[in-house]
>>> print(open('final_2.pdb').read())   # PDB, C-alpha atoms
ATOM      1  CA  MET A   1      -2.339  -7.276 -54.433
ATOM      2  CA  ILE A   2      -1.306  -5.097 -51.522
ATOM      3  CA  ALA A   3      -0.285  -8.093 -49.403
ATOM      4  CA  ASN A   4       1.957  -9.360 -52.205
ATOM      5  CA  ARG A   5       3.743  -6.033 -52.393
ATOM      6  CA  LEU A   6       4.775  -6.099 -48.737
ATOM      7  CA  SER A   7       8.479  -6.598 -48.142
ATOM      8  CA  PRO A   8       9.713  -9.694 -46.244
ATOM      9  CA  GLU A   9      10.789  -7.506 -43.296
ATOM     10  CA  ILE A  10       7.266  -6.074 -42.925
ATOM     11  CA  ARG A  11       5.680  -9.533 -43.118
ATOM     12  CA  ILE A  12       8.097 -10.853 -40.478
ATOM     13  CA  SER A  13       7.346  -7.893 -38.209
ATOM     14  CA  ALA A  14       3.594  -8.464 -38.617
ATOM     15  CA  CYS A  15       3.967 -12.150 -37.719
ATOM     16  CA  ALA A  16       6.096 -11.260 -34.727
ATOM     17  CA  ALA A  17       3.544  -8.727 -33.505
ATOM     18  CA  GLN A  18       0.736 -11.275 -33.901
ATOM     19  CA  ALA A  19       2.686 -13.897 -31.959
ATOM     20  CA  PHE A  20       3.460 -11.320 -29.284
ATOM     21  CA  ARG A  21      -0.248 -10.549 -28.796
ATOM     22  CA  LYS A  22      -1.138 -14.240 -28.602
ATOM     23  CA  THR A  23       1.474 -15.111 -26.009
ATOM     24  CA  ILE A  24       1.076 -12.097 -23.717
ATOM     25  CA  ALA A  25      -2.195 -13.495 -22.311
ATOM     26  CA  LEU A  26      -0.573 -16.850 -21.559
ATOM     27  CA  THR A  27       2.316 -15.107 -19.827
ATOM     28  CA  GLY A  28      -0.031 -13.176 -17.575
ATOM     29  CA  THR A  29      -1.855 -16.367 -16.648
ATOM     30  CA  LEU A  30       1.381 -18.163 -15.760
ATOM     31  CA  LEU A  31       2.614 -15.251 -13.668
ATOM     32  CA  PHE A  32      -0.680 -15.111 -11.793
ATOM     33  CA  CYS A  33      -0.487 -18.832 -11.061
ATOM     34  CA  MET A  34       3.074 -18.508  -9.770
ATOM     35  CA  VAL A  35       2.054 -15.683  -7.443
ATOM     36  CA  LEU A  36      -0.769 -17.783  -6.057
ATOM     37  CA  ALA A  37       1.544 -20.738  -5.601
ATOM     38  CA  GLN A  38       4.104 -18.683  -3.705
ATOM     39  CA  ALA A  39       1.604 -16.848  -1.533
ATOM     40  CA  GLN A  40       1.988 -17.593   2.162
ATOM     41  CA  PRO A  41      -0.904 -16.821   4.478
ATOM     42  CA  ALA A  42       0.057 -15.104   7.692
ATOM     43  CA  SER A  43      -0.699 -16.870  10.944
ATOM     44  CA  ASP A  44      -1.309 -15.153  14.247
ATOM     45  CA  ASP A  45       0.261 -17.997  16.246
ATOM     46  CA  HIS A  46       3.344 -19.384  14.559
ATOM     47  CA  PRO A  47       4.824 -22.435  16.326
ATOM     48  CA  GLY A  48       8.390 -21.728  15.212
ATOM     49  CA  ASP A  49      11.217 -24.203  14.778
ATOM     50  CA  PRO A  50      11.266 -26.758  17.642
ATOM     51  CA  GLN A  51      14.978 -27.416  17.006
ATOM     52  CA  ALA A  52      15.998 -23.783  17.386
ATOM     53  CA  ARG A  53      19.120 -22.947  19.381
ATOM     54  CA  VAL A  54      18.164 -21.256  22.648
ATOM     55  CA  ILE A  55      19.896 -17.972  23.582
ATOM     56  CA  ASP A  56      19.354 -17.194  27.261
ATOM     57  CA  GLY A  57      20.956 -14.783  29.681
ATOM     58  CA  VAL A  58      22.550 -11.513  28.568
ATOM     59  CA  VAL A  59      24.541 -11.434  25.323
ATOM     60  CA  ASN A  60      26.496  -8.275  24.495
ATOM     61  CA  ASN A  61      27.261  -9.188  20.862
ATOM     62  CA  THR A  62      25.220  -9.951  17.764
ATOM     63  CA  VAL A  63      23.697 -13.425  17.708
ATOM     64  CA  PHE A  64      23.997 -15.446  14.479
ATOM     65  CA  GLY A  65      22.218 -18.562  13.329
ATOM     66  CA  LEU A  66      24.045 -20.231  10.442
ATOM     67  CA  GLY A  67      21.819 -22.887   8.925
ATOM     68  CA  GLN A  68      19.607 -23.080  12.013
ATOM     69  CA  SER A  69      16.933 -21.154  13.891
ATOM     70  CA  ILE A  70      17.572 -19.230  17.100
ATOM     71  CA  ARG A  71      15.242 -18.691  20.031
ATOM     72  CA  ILE A  72      16.047 -15.679  22.204
ATOM     73  CA  THR A  73      14.705 -16.035  25.712
ATOM     74  CA  GLY A  74      17.153 -13.637  27.373
ATOM     75  CA  THR A  75      18.514 -10.224  26.385
ATOM     76  CA  VAL A  76      20.652  -9.469  23.343
ATOM     77  CA  LYS A  77      22.355  -6.078  23.424
ATOM     78  CA  GLU A  78      23.169  -5.904  19.705
ATOM     79  CA  GLY A  79      21.136  -7.717  17.028
ATOM     80  CA  ALA A  80      20.133 -11.166  15.807
ATOM     81  CA  ILE A  81      20.278 -12.656  12.325
ATOM     82  CA  ALA A  82      19.592 -16.141  10.989
ATOM     83  CA  PHE A  83      20.620 -17.597   7.637
ATOM     84  CA  GLY A  84      18.274 -20.395   6.662
ATOM     85  CA  GLY A  85      16.262 -20.353   9.892
ATOM     86  CA  ASP A  86      13.779 -18.459  12.063
ATOM     87  CA  VAL A  87      14.459 -15.850  14.708
ATOM     88  CA  ILE A  88      12.082 -16.402  17.627
ATOM     89  CA  VAL A  89      12.114 -13.507  20.070
ATOM     90  CA  GLU A  90      10.694 -14.298  23.495
ATOM     91  CA  GLY A  91      12.945 -11.935  25.441
ATOM     92  CA  SER A  92      14.528  -8.659  24.352
ATOM     93  CA  VAL A  93      16.720  -7.638  21.390
ATOM     94  CA  GLU A  94      18.043  -4.080  21.482
ATOM     95  CA  GLY A  95      19.264  -4.016  17.876
ATOM     96  CA  ASP A  96      17.971  -5.205  14.507
ATOM     97  CA  VAL A  97      16.507  -8.626  13.827
ATOM     98  CA  ALA A  98      16.906 -10.157  10.362
ATOM     99  CA  THR A  99      16.533 -13.490   8.634
ATOM    100  CA  ILE A 100      17.088 -14.886   5.140
ATOM    101  CA  GLY A 101      15.067 -17.965   4.297
ATOM    102  CA  GLY A 102      13.067 -17.872   7.511
ATOM    103  CA  SER A 103      10.581 -15.879   9.567
ATOM    104  CA  VAL A 104      10.827 -13.490  12.492
ATOM    105  CA  ILE A 105       8.494 -14.587  15.281
ATOM    106  CA  GLN A 106       7.935 -12.143  18.142
ATOM    107  CA  ARG A 107       6.050 -13.503  21.119
ATOM    108  CA  GLU A 108       3.796 -11.433  23.339
ATOM    109  CA  GLY A 109       5.677  -9.530  26.026
ATOM    110  CA  SER A 110       8.955  -9.484  24.064
ATOM    111  CA  ARG A 111      10.707  -6.438  22.624
ATOM    112  CA  ILE A 112      12.709  -5.578  19.484
ATOM    113  CA  GLY A 113      14.446  -2.219  19.623
ATOM    114  CA  GLY A 114      15.679  -2.036  16.024
ATOM    115  CA  ASP A 115      14.430  -2.831  12.548
ATOM    116  CA  VAL A 116      12.972  -6.133  11.372
ATOM    117  CA  ILE A 117      14.180  -7.462   7.996
ATOM    118  CA  VAL A 118      12.703 -10.664   6.562
ATOM    119  CA  LEU A 119      13.618 -12.173   3.176
ATOM    120  CA  GLY A 120      11.552 -15.194   2.248
ATOM    121  CA  GLY A 121       9.395 -15.545   5.349
ATOM    122  CA  ILE A 122       6.881 -13.493   7.326
ATOM    123  CA  TYR A 123       7.031 -11.280  10.410
ATOM    124  CA  HIS A 124       4.730 -12.873  13.024
ATOM    125  CA  HIS A 125       3.854 -10.925  16.141
ATOM    126  CA  GLY A 126       0.554 -12.384  17.300
ATOM    127  CA  LYS A 127      -2.725 -10.562  17.727
ATOM    128  CA  SER A 128      -1.472  -7.793  19.997
ATOM    129  CA  ALA A 129       0.784  -4.927  18.913
ATOM    130  CA  PRO A 130       4.478  -5.879  19.167
ATOM    131  CA  GLY A 131       6.916  -4.228  21.533
ATOM    132  CA  ARG A 132       8.812  -2.119  19.008
ATOM    133  CA  ASP A 133      10.530   1.234  18.825
ATOM    134  CA  PRO A 134       8.123   3.654  17.045
ATOM    135  CA  GLN A 135      11.008   4.863  14.837
ATOM    136  CA  SER A 136      11.956   1.362  13.667
ATOM    137  CA  VAL A 137      10.915  -0.029  10.296
ATOM    138  CA  THR A 138       9.897  -3.418   8.953
ATOM    139  CA  ILE A 139      11.185  -4.720   5.604
ATOM    140  CA  MET A 140       9.624  -7.981   4.462
ATOM    141  CA  TYR A 141       9.611 -10.013   1.250
ATOM    142  CA  ALA A 142       7.337 -13.032   1.635
ATOM    143  CA  GLY A 143       8.101 -15.674  -0.968
ATOM    144  CA  TYR A 144      10.384 -18.604  -1.800
ATOM    145  CA  GLU A 145      11.044 -19.306   1.879
ATOM    146  CA  ASN A 146      11.814 -22.993   1.379
ATOM    147  CA  GLN A 147      14.147 -22.291  -1.542
ATOM    148  CA  LEU A 148      16.055 -19.595   0.333
ATOM    149  CA  ARG A 149      16.256 -21.779   3.425
ATOM    150  CA  GLN A 150      17.718 -24.608   1.356
ATOM    151  CA  VAL A 151      20.264 -22.289  -0.249
ATOM    152  CA  MET A 152      21.344 -20.809   3.080
ATOM    153  CA  ARG A 153      21.776 -24.239   4.649
ATOM    154  CA  GLU A 154      23.391 -25.876   1.622
ATOM    155  CA  PRO A 155      24.999 -23.179  -0.558
ATOM    156  CA  PHE A 156      26.362 -25.662  -3.104
ATOM    157  CA  SER A 157      22.869 -26.929  -3.804
ATOM    158  CA  VAL A 158      22.498 -23.924  -6.124
ATOM    159  CA  LEU A 159      24.952 -25.579  -8.521
ATOM    160  CA  ARG A 160      22.867 -28.754  -8.713
ATOM    161  CA  PRO A 161      19.190 -27.774  -9.011
ATOM    162  CA  GLN A 162      16.547 -30.331  -8.112
ATOM    163  CA  PHE A 163      14.557 -31.516 -11.116
ATOM    164  CA  SER A 164      10.915 -31.123 -10.207
ATOM    165  CA  ALA A 165       7.672 -29.792 -11.616
ATOM    166  CA  VAL A 166       8.478 -26.332 -10.298
ATOM    167  CA  PHE A 167      11.926 -26.452 -11.907
ATOM    168  CA  PHE A 168      10.570 -27.352 -15.335
ATOM    169  CA  GLY A 169       7.698 -24.877 -14.955
ATOM    170  CA  THR A 170      10.031 -21.968 -14.258
ATOM    171  CA  ARG A 171      12.242 -22.956 -17.209
ATOM    172  CA  LEU A 172       9.237 -23.053 -19.531
ATOM    173  CA  LEU A 173       8.178 -19.658 -18.241
ATOM    174  CA  ALA A 174      11.698 -18.304 -18.840
ATOM    175  CA  ILE A 175      11.628 -19.623 -22.412
ATOM    176  CA  LEU A 176       8.267 -17.974 -23.009
ATOM    177  CA  LEU A 177       9.333 -14.629 -21.547
ATOM    178  CA  TRP A 178      12.615 -14.478 -23.490
ATOM    179  CA  PHE A 179      10.812 -15.540 -26.663
ATOM    180  CA  ILE A 180       8.355 -12.660 -26.252
ATOM    181  CA  ILE A 181      11.147 -10.186 -25.533
ATOM    182  CA  SER A 182      13.106 -11.426 -28.543
ATOM    183  CA  LEU A 183      10.089 -11.145 -30.835
ATOM    184  CA  ALA A 184       9.391  -7.612 -29.671
ATOM    185  CA  LEU A 185      13.001  -6.463 -29.979
ATOM    186  CA  THR A 186      13.558  -7.964 -33.416
ATOM    187  CA  ALA A 187      10.320  -6.387 -34.624
ATOM    188  CA  VAL A 188      11.185  -2.932 -33.259
ATOM    189  CA  MET A 189      14.835  -2.737 -34.362
ATOM    190  CA  PRO A 190      15.486  -5.379 -37.061
ATOM    191  CA  ASN A 191      18.435  -3.538 -38.643
ATOM    192  CA  THR A 192      20.253  -3.050 -35.333
ATOM    193  CA  VAL A 193      19.799  -6.698 -34.408
ATOM    194  CA  SER A 194      20.991  -7.835 -37.851
ATOM    195  CA  ARG A 195      24.161  -5.741 -37.602
ATOM    196  CA  ALA A 196      24.833  -7.102 -34.129
ATOM    197  CA  VAL A 197      24.330 -10.669 -35.371
ATOM    198  CA  ALA A 198      26.841 -10.109 -38.157
ATOM    199  CA  ARG A 199      29.287  -8.543 -35.702
ATOM    200  CA  LEU A 200      28.942 -11.518 -33.364
ATOM    201  CA  GLN A 201      29.443 -14.028 -36.173
ATOM    202  CA  PHE A 202      32.615 -12.456 -37.579
ATOM    203  CA  ALA A 203      34.206 -10.984 -34.421
ATOM    204  CA  SER A 204      32.911 -12.972 -31.455
ATOM    205  CA  LEU A 205      36.287 -13.022 -29.678
ATOM    206  CA  ARG A 206      36.769  -9.252 -29.836
ATOM    207  CA  VAL A 207      33.185  -8.653 -28.736
ATOM    208  CA  ALA A 208      33.764 -10.939 -25.735
ATOM    209  CA  ILE A 209      37.001  -9.123 -24.838
ATOM    210  CA  ILE A 210      35.266  -5.740 -25.009
ATOM    211  CA  GLY A 211      32.430  -7.080 -22.871
ATOM    212  CA  LEU A 212      34.833  -8.487 -20.278
ATOM    213  CA  VAL A 213      36.750  -5.206 -20.015
ATOM    214  CA  GLY A 214      33.501  -3.246 -19.854
ATOM    215  CA  SER A 215      32.099  -5.481 -17.105
ATOM    216  CA  VAL A 216      35.253  -5.078 -15.009
ATOM    217  CA  VAL A 217      35.275  -1.293 -15.492
ATOM    218  CA  VAL A 218      31.585  -0.975 -14.572
ATOM    219  CA  THR A 219      31.987  -3.139 -11.455
ATOM    220  CA  LEU A 220      35.068  -1.303 -10.227
ATOM    221  CA  GLY A 221      33.501   2.045 -11.068
ATOM    222  CA  VAL A 222      30.415   1.295  -8.987
ATOM    223  CA  PHE A 223      32.464   0.212  -5.962
ATOM    224  CA  ALA A 224      34.782   3.215  -6.302
ATOM    225  CA  GLY A 225      31.838   5.577  -6.623
ATOM    226  CA  LEU A 226      30.171   4.200  -3.501
ATOM    227  CA  LEU A 227      33.394   4.410  -1.478
ATOM    228  CA  VAL A 228      34.883   7.718  -2.673
ATOM    229  CA  LEU A 229      32.100   9.918  -4.014
ATOM    230  CA  PRO A 230      29.237  11.455  -1.996
ATOM    231  CA  PRO A 231      26.342   9.071  -1.315
ATOM    232  CA  VAL A 232      23.963  10.784  -3.748
ATOM    233  CA  ILE A 233      26.409  10.666  -6.648
ATOM    234  CA  GLY A 234      27.435   7.103  -5.783
ATOM    235  CA  ALA A 235      23.804   5.998  -5.769
ATOM    236  CA  LEU A 236      23.220   7.741  -9.110
ATOM    237  CA  ILE A 237      26.215   5.971 -10.647
ATOM    238  CA  SER A 238      24.950   2.631  -9.302
ATOM    239  CA  ILE A 239      21.519   3.204 -10.851
ATOM    240  CA  MET A 240      23.052   4.108 -14.210
ATOM    241  CA  ALA A 241      25.275   1.019 -14.092
ATOM    242  CA  LEU A 242      22.239  -1.138 -13.278
ATOM    243  CA  LEU A 243      20.340   0.322 -16.234
ATOM    244  CA  LEU A 244      23.321  -0.370 -18.490
ATOM    245  CA  ILE A 245      23.445  -3.987 -17.346
ATOM    246  CA  VAL A 246      19.701  -4.459 -17.867
ATOM    247  CA  VAL A 247      19.735  -2.929 -21.355
ATOM    248  CA  ALA A 248      22.870  -4.849 -22.321
ATOM    249  CA  THR A 249      21.375  -8.121 -21.072
ATOM    250  CA  LEU A 250      18.147  -7.643 -22.994
ATOM    251  CA  PHE A 251      19.794  -6.584 -26.248
ATOM    252  CA  GLY A 252      22.732  -8.976 -26.067
ATOM    253  CA  ARG A 253      20.711 -12.049 -25.231
ATOM    254  CA  VAL A 254      18.299 -11.402 -28.083
ATOM    255  CA  VAL A 255      21.237 -11.143 -30.498
ATOM    256  CA  ILE A 256      22.714 -14.375 -29.121
ATOM    257  CA  PHE A 257      19.346 -16.123 -29.428
ATOM    258  CA  VAL A 258      18.945 -14.997 -33.042
ATOM    259  CA  THR A 259      22.495 -16.065 -33.930
ATOM    260  CA  THR A 260      22.083 -19.454 -32.284
ATOM    261  CA  GLY A 261      18.685 -20.048 -33.867
ATOM    262  CA  ARG A 262      19.981 -19.274 -37.335
ATOM    263  CA  TRP A 263      22.950 -21.599 -36.803
ATOM    264  CA  LEU A 264      20.638 -24.421 -35.704
ATOM    265  CA  GLN A 265      18.372 -23.757 -38.664
ATOM    266  CA  ARG A 266      21.246 -23.932 -41.153
ATOM    267  CA  ARG A 267      22.755 -26.986 -39.475
ATOM    268  CA  PHE A 268      19.726 -29.181 -38.811
ATOM    269  CA  LEU A 269      16.631 -27.645 -40.459
ATOM    270  CA  PRO A 270      17.720 -26.104 -43.769
ATOM    271  CA  ARG A 271      14.163 -26.110 -45.148
ATOM    272  CA  LEU A 272      12.755 -24.173 -42.209
ATOM    273  CA  GLN A 273      11.605 -20.685 -43.241
ATOM    274  CA  SER A 274       9.856 -19.444 -40.079
ATOM    275  CA  GLU A 275      11.799 -16.723 -38.246
ATOM    276  CA  SER A 276       9.704 -17.233 -35.112
ATOM    277  CA  VAL A 277      10.507 -20.948 -34.910
ATOM    278  CA  THR A 278      14.172 -20.199 -35.556
ATOM    279  CA  LEU A 279      14.179 -17.696 -32.709
ATOM    280  CA  LEU A 280      12.412 -20.179 -30.435
ATOM    281  CA  LEU A 281      15.126 -22.764 -31.151
ATOM    282  CA  GLY A 282      17.835 -20.362 -30.019
ATOM    283  CA  VAL A 283      15.964 -19.411 -26.852
ATOM    284  CA  THR A 284      15.294 -23.049 -25.973
ATOM    285  CA  LEU A 285      18.909 -24.134 -26.451
ATOM    286  CA  TRP A 286      20.283 -21.429 -24.159
ATOM    287  CA  ALA A 287      17.576 -22.118 -21.576
ATOM    288  CA  ILE A 288      18.693 -25.763 -21.515
ATOM    289  CA  LEU A 289      22.359 -24.809 -21.222
ATOM    290  CA  ALA A 290      21.550 -22.395 -18.390
ATOM    291  CA  SER A 291      19.816 -25.237 -16.506
ATOM    292  CA  LEU A 292      22.656 -27.761 -16.537
ATOM    293  CA  PRO A 293      24.017 -28.604 -13.066
ATOM    294  CA  TYR A 294      27.411 -27.081 -12.215
ATOM    295  CA  VAL A 295      27.636 -25.518 -15.698
ATOM    296  CA  TRP A 296      24.950 -22.859 -15.553
ATOM    297  CA  PRO A 297      27.058 -20.202 -13.702
ATOM    298  CA  ILE A 298      29.633 -20.297 -16.513
ATOM    299  CA  VAL A 299      26.872 -20.059 -19.118
ATOM    300  CA  ILE A 300      25.230 -17.098 -17.389
ATOM    301  CA  ALA A 301      28.574 -15.323 -16.964
ATOM    302  CA  GLY A 302      29.378 -15.857 -20.637
ATOM    303  CA  LEU A 303      25.992 -14.480 -21.692
ATOM    304  CA  ILE A 304      26.494 -11.374 -19.547
ATOM    305  CA  VAL A 305      29.997 -10.704 -20.889
ATOM    306  CA  VAL A 306      29.053 -11.152 -24.544
ATOM    307  CA  SER A 307      25.871  -9.124 -24.058
ATOM    308  CA  MET A 308      27.890  -6.286 -22.570
ATOM    309  CA  GLY A 309      30.257  -6.370 -25.541
ATOM    310  CA  LEU A 310      27.381  -6.291 -28.028
ATOM    311  CA  ALA A 311      25.750  -3.374 -26.229
ATOM    312  CA  LEU A 312      28.984  -1.363 -26.039
ATOM    313  CA  THR A 313      29.640  -1.794 -29.774
ATOM    314  CA  ALA A 314      26.043  -1.404 -30.977
ATOM    315  CA  ARG A 315      26.286   2.215 -32.222
ATOM    316  CA  TYR A 316      29.692   2.075 -33.854
ATOM    317  CA  ARG A 317      30.805   0.680 -37.189
ATOM    318  CA  ILE A 318      34.059  -0.939 -36.200
ATOM    319  CA  SER A 319      36.270  -2.530 -38.797
ATOM    320  CA  TRP A 320      37.048  -5.941 -37.410
ATOM    321  CA  LYS A 321      39.436  -6.864 -40.209
ATOM    322  CA  LYS A 322      42.947  -5.603 -40.719
ATOM    323  CA  PRO A 323      43.143  -3.001 -43.511
ATOM    324  CA  GLN A 324      44.756  -4.321 -46.668
ATOM    325  CA  SER A 325      47.757  -2.586 -48.160
ATOM    326  CA  PRO A 326      47.208  -0.580 -51.372
ATOM    327  CA  ASN A 327      49.543  -2.934 -53.292
ATOM    328  CA  ALA A 328      47.520  -6.001 -52.336
TER     329      ALA A 328
END
>>> encode(input="final_2.pdb", output="structure tokens")
Amino acid sequence: MIANRLSPEIRISACAAQAFRKTIALTGTLLFCMVLAQAQPASDDHPGDPQARVIDGVVNNTVFGLGQSIRITGTVKEGAIAFGGDVIVEGSVEGDVATIGGSVIQREGSRIGGDVIVLGGIYHHGKSAPGRDPQSVTIMYAGYENQLRQVMREPFSVLRPQFSAVFFGTRLLAILLWFIISLALTAVMPNTVSRAVARLQFASLRVAIIGLVGSVVVTLGVFAGLLVLPPVIGALISIMALLLIVVATLFGRVVIFVTTGRWLQRRFLPRLQSESVTLLLGVTLWAILASLPYVWPIVIAGLIVVSMGLALTARYRISWKKPQSPNA
């Protein structure tokens, strides 16, 4: 008797909460597997890239490696950075050493006077303590070294992703994560999401224009704040802008997923009554569109712009239609 008296909104929220609890364990398992797959054990004796460009003698400028590794056997007065390769230090570097999509390898007896920054690889310095300035720091993110190396060496390869097991696995994980987020958000604020869906259906062009203007204003405001205002205030503005983008992306994408799922349900599955399956259809379609070669940057940009417009108009009841005259 009590179950029959429950409203449809409460029953939908209960189903969404139950699905959320069931899928959260699977998400944790997938994330743990991805971390194990991307883990890279550190080696005390790294061989380095045998095709690295050798830098000998004394160099007074910064040494760059564009799409290749560099081996420093002499002395570099400034710094050294490699994009898509390793930096092998066998001599002396007075400045900073950095690499994206590679590793920094410091041999015994060498010296690095500045900071060490590694994105994608590992900082190898052998068993003994490296010759470093005590005031220098080391910043390292170990993961996705091969992917970053490929992007640095072939930038346009980002537009045409390679179809592999990892590619399809990450897309399935993205579908699962966005499905969980959408279930949670629609269960927490069903009325707000419904109003945003109606606003997107009847005024999609104006929402997109507001989102585009808002994105431009936020971007220019962040750059202006960092250049003109004091560093503390500029950093605070940047953090607030980042929070706005994150919140807008979460809320806007959920609204777009719900709208798309309902359209697919009305168009192809009119007898379907499950809100969860409808939401999953919308998430899956946009995940496929965001994976198409050469098209996905436009899709992502469109999602960001529309999401920004939905977030900026979420708390206001705007009349999207022209007011009719009293004589009409």
>>> residues_around(input="final_2.pdb", residues="A:Gly85", least_positions_apart="5", cutoff="12 Å", atoms="all atoms listed in the file", output="ChimeraX atom specification")
/A:48-53,64-71,80,98-105,118-122,145-153
>>> resolve_selection(input="final_2.pdb", expression="the PyMOL selection byres ((chain A and resi 284) around 10)", output="PyMOL selection string")
chain A and resi 171-172+174-176+178-179+257+260-261+279-283+285-290
>>> axis_aligned_box(input="final_2.pdb", around="stretch 51-64 of chain A", padding_each_side="8 Å", output="lines of an AutoDock Vina configuration file")
center_x = 21.1
center_y = -17.8
center_z = 22.1
size_x = 28.3
size_y = 35.1
size_z = 31.2
>>> resolve_selection(input="final_2.pdb", expression="the PyMOL selection byres ((chain A and resi 77) around 8)", output="PyMOL selection string")
chain A and resi 58-62+75-76+78-79+93-95
>>> residues_around(input="final_2.pdb", residues="A:Asp56", least_positions_apart="2", cutoff="7 Å", atoms="all atoms listed in the file", output="list in words")
Val54, Val58, Ile72, Thr73 and Gly74 of chain A
>>> resolve_selection(input="final_2.pdb", expression="the PyMOL selection byres ((chain A and resi 194) around 12)", output="ChimeraX atom specification")
/A:9,185-193,195-201,251-252,254-259,262,310,314
>>> residues_around(input="final_2.pdb", residues="A:Val222", least_positions_apart="6", cutoff="9 Å", atoms="only C-alpha atoms", output="number ranges by chain")
A: 234-235, 237-238, 241
>>> residues_around(input="final_2.pdb", residues="A:Asp96", least_positions_apart="4", cutoff="6 Å", atoms="only C-alpha atoms", output="JSON, numbers by chain")
{"A": [79, 114, 115, 116]}
>>> decode(input="final_2.pdb", residues="stretch 149-166 of chain A", atoms="N, CA and C atoms", output="PDB file, in the first residue's frame")
ATOM      1  N   ARG A 149      54.488  11.007 -25.365  1.00  0.00           N
ATOM      2  CA  ARG A 149      55.580  11.016 -26.329  1.00  0.00           C
ATOM      3  C   ARG A 149      55.033  11.037 -27.757  1.00  0.00           C
ATOM      4  N   GLN A 150      53.986  10.239 -28.000  1.00  0.00           N
ATOM      5  CA  GLN A 150      53.392  10.213 -29.328  1.00  0.00           C
ATOM      6  C   GLN A 150      52.765  11.561 -29.688  1.00  0.00           C
ATOM      7  N   VAL A 151      52.117  12.191 -28.714  1.00  0.00           N
ATOM      8  CA  VAL A 151      51.487  13.483 -28.974  1.00  0.00           C
ATOM      9  C   VAL A 151      52.531  14.556 -29.237  1.00  0.00           C
ATOM     10  N   MET A 152      53.623  14.555 -28.474  1.00  0.00           N
ATOM     11  CA  MET A 152      54.659  15.554 -28.675  1.00  0.00           C
ATOM     12  C   MET A 152      55.363  15.395 -30.025  1.00  0.00           C
ATOM     13  N   ARG A 153      55.522  14.147 -30.465  1.00  0.00           N
ATOM     14  CA  ARG A 153      56.208  13.920 -31.732  1.00  0.00           C
ATOM     15  C   ARG A 153      55.278  14.060 -32.938  1.00  0.00           C
ATOM     16  N   GLU A 154      54.025  13.737 -32.756  1.00  0.00           N
ATOM     17  CA  GLU A 154      53.037  13.882 -33.830  1.00  0.00           C
ATOM     18  C   GLU A 154      51.803  14.554 -33.253  1.00  0.00           C
ATOM     19  N   PRO A 155      51.790  15.884 -33.203  1.00  0.00           N
ATOM     20  CA  PRO A 155      50.662  16.598 -32.568  1.00  0.00           C
ATOM     21  C   PRO A 155      49.310  16.303 -33.218  1.00  0.00           C
ATOM     22  N   PHE A 156      49.275  16.119 -34.531  1.00  0.00           N
ATOM     23  CA  PHE A 156      48.008  15.887 -35.204  1.00  0.00           C
ATOM     24  C   PHE A 156      47.463  14.484 -34.968  1.00  0.00           C
ATOM     25  N   SER A 157      48.234  13.636 -34.321  1.00  0.00           N
ATOM     26  CA  SER A 157      47.715  12.312 -34.009  1.00  0.00           C
ATOM     27  C   SER A 157      46.600  12.377 -32.966  1.00  0.00           C
ATOM     28  N   VAL A 158      46.500  13.508 -32.246  1.00  0.00           N
ATOM     29  CA  VAL A 158      45.418  13.660 -31.279  1.00  0.00           C
ATOM     30  C   VAL A 158      44.069  13.676 -31.989  1.00  0.00           C
ATOM     31  N   LEU A 159      44.038  14.220 -33.214  1.00  0.00           N
ATOM     32  CA  LEU A 159      42.781  14.326 -33.946  1.00  0.00           C
ATOM     33  C   LEU A 159      42.321  12.997 -34.521  1.00  0.00           C
ATOM     34  N   ARG A 160      43.230  12.039 -34.619  1.00  0.00           N
ATOM     35  CA  ARG A 160      42.857  10.719 -35.147  1.00  0.00           C
ATOM     36  C   ARG A 160      43.328   9.653 -34.158  1.00  0.00           C
ATOM     37  N   PRO A 161      42.549   9.401 -33.114  1.00  0.00           N
ATOM     38  CA  PRO A 161      42.961   8.426 -32.096  1.00  0.00           C
ATOM     39  C   PRO A 161      43.066   7.028 -32.670  1.00  0.00           C
ATOM     40  N   GLN A 162      43.969   6.247 -32.107  1.00  0.00           N
ATOM     41  CA  GLN A 162      44.177   4.868 -32.535  1.00  0.00           C
ATOM     42  C   GLN A 162      43.168   3.963 -31.838  1.00  0.00           C
ATOM     43  N   PHE A 163      42.423   3.200 -32.622  1.00  0.00           N
ATOM     44  CA  PHE A 163      41.427   2.299 -32.061  1.00  0.00           C
ATOM     45  C   PHE A 163      42.131   1.052 -31.528  1.00  0.00           C
ATOM     46  N   SER A 164      42.079   0.912 -30.226  1.00  0.00           N
ATOM     47  CA  SER A 164      42.732  -0.214 -29.567  1.00  0.00           C
ATOM     48  C   SER A 164      41.900  -0.602 -28.349  1.00  0.00           C
ATOM     49  N   ALA A 165      42.392  -1.624 -27.639  1.00  0.00           N
ATOM     50  CA  ALA A 165      41.680  -2.056 -26.440  1.00  0.00           C
ATOM     51  C   ALA A 165      41.681  -0.971 -25.375  1.00  0.00           C
ATOM     52  N   VAL A 166      42.797  -0.253 -25.268  1.00  0.00           N
ATOM     53  CA  VAL A 166      42.861   0.835 -24.295  1.00  0.00           C
ATOM     54  C   VAL A 166      41.891   1.948 -24.668  1.00  0.00           C
TER      55      VAL A 166
END
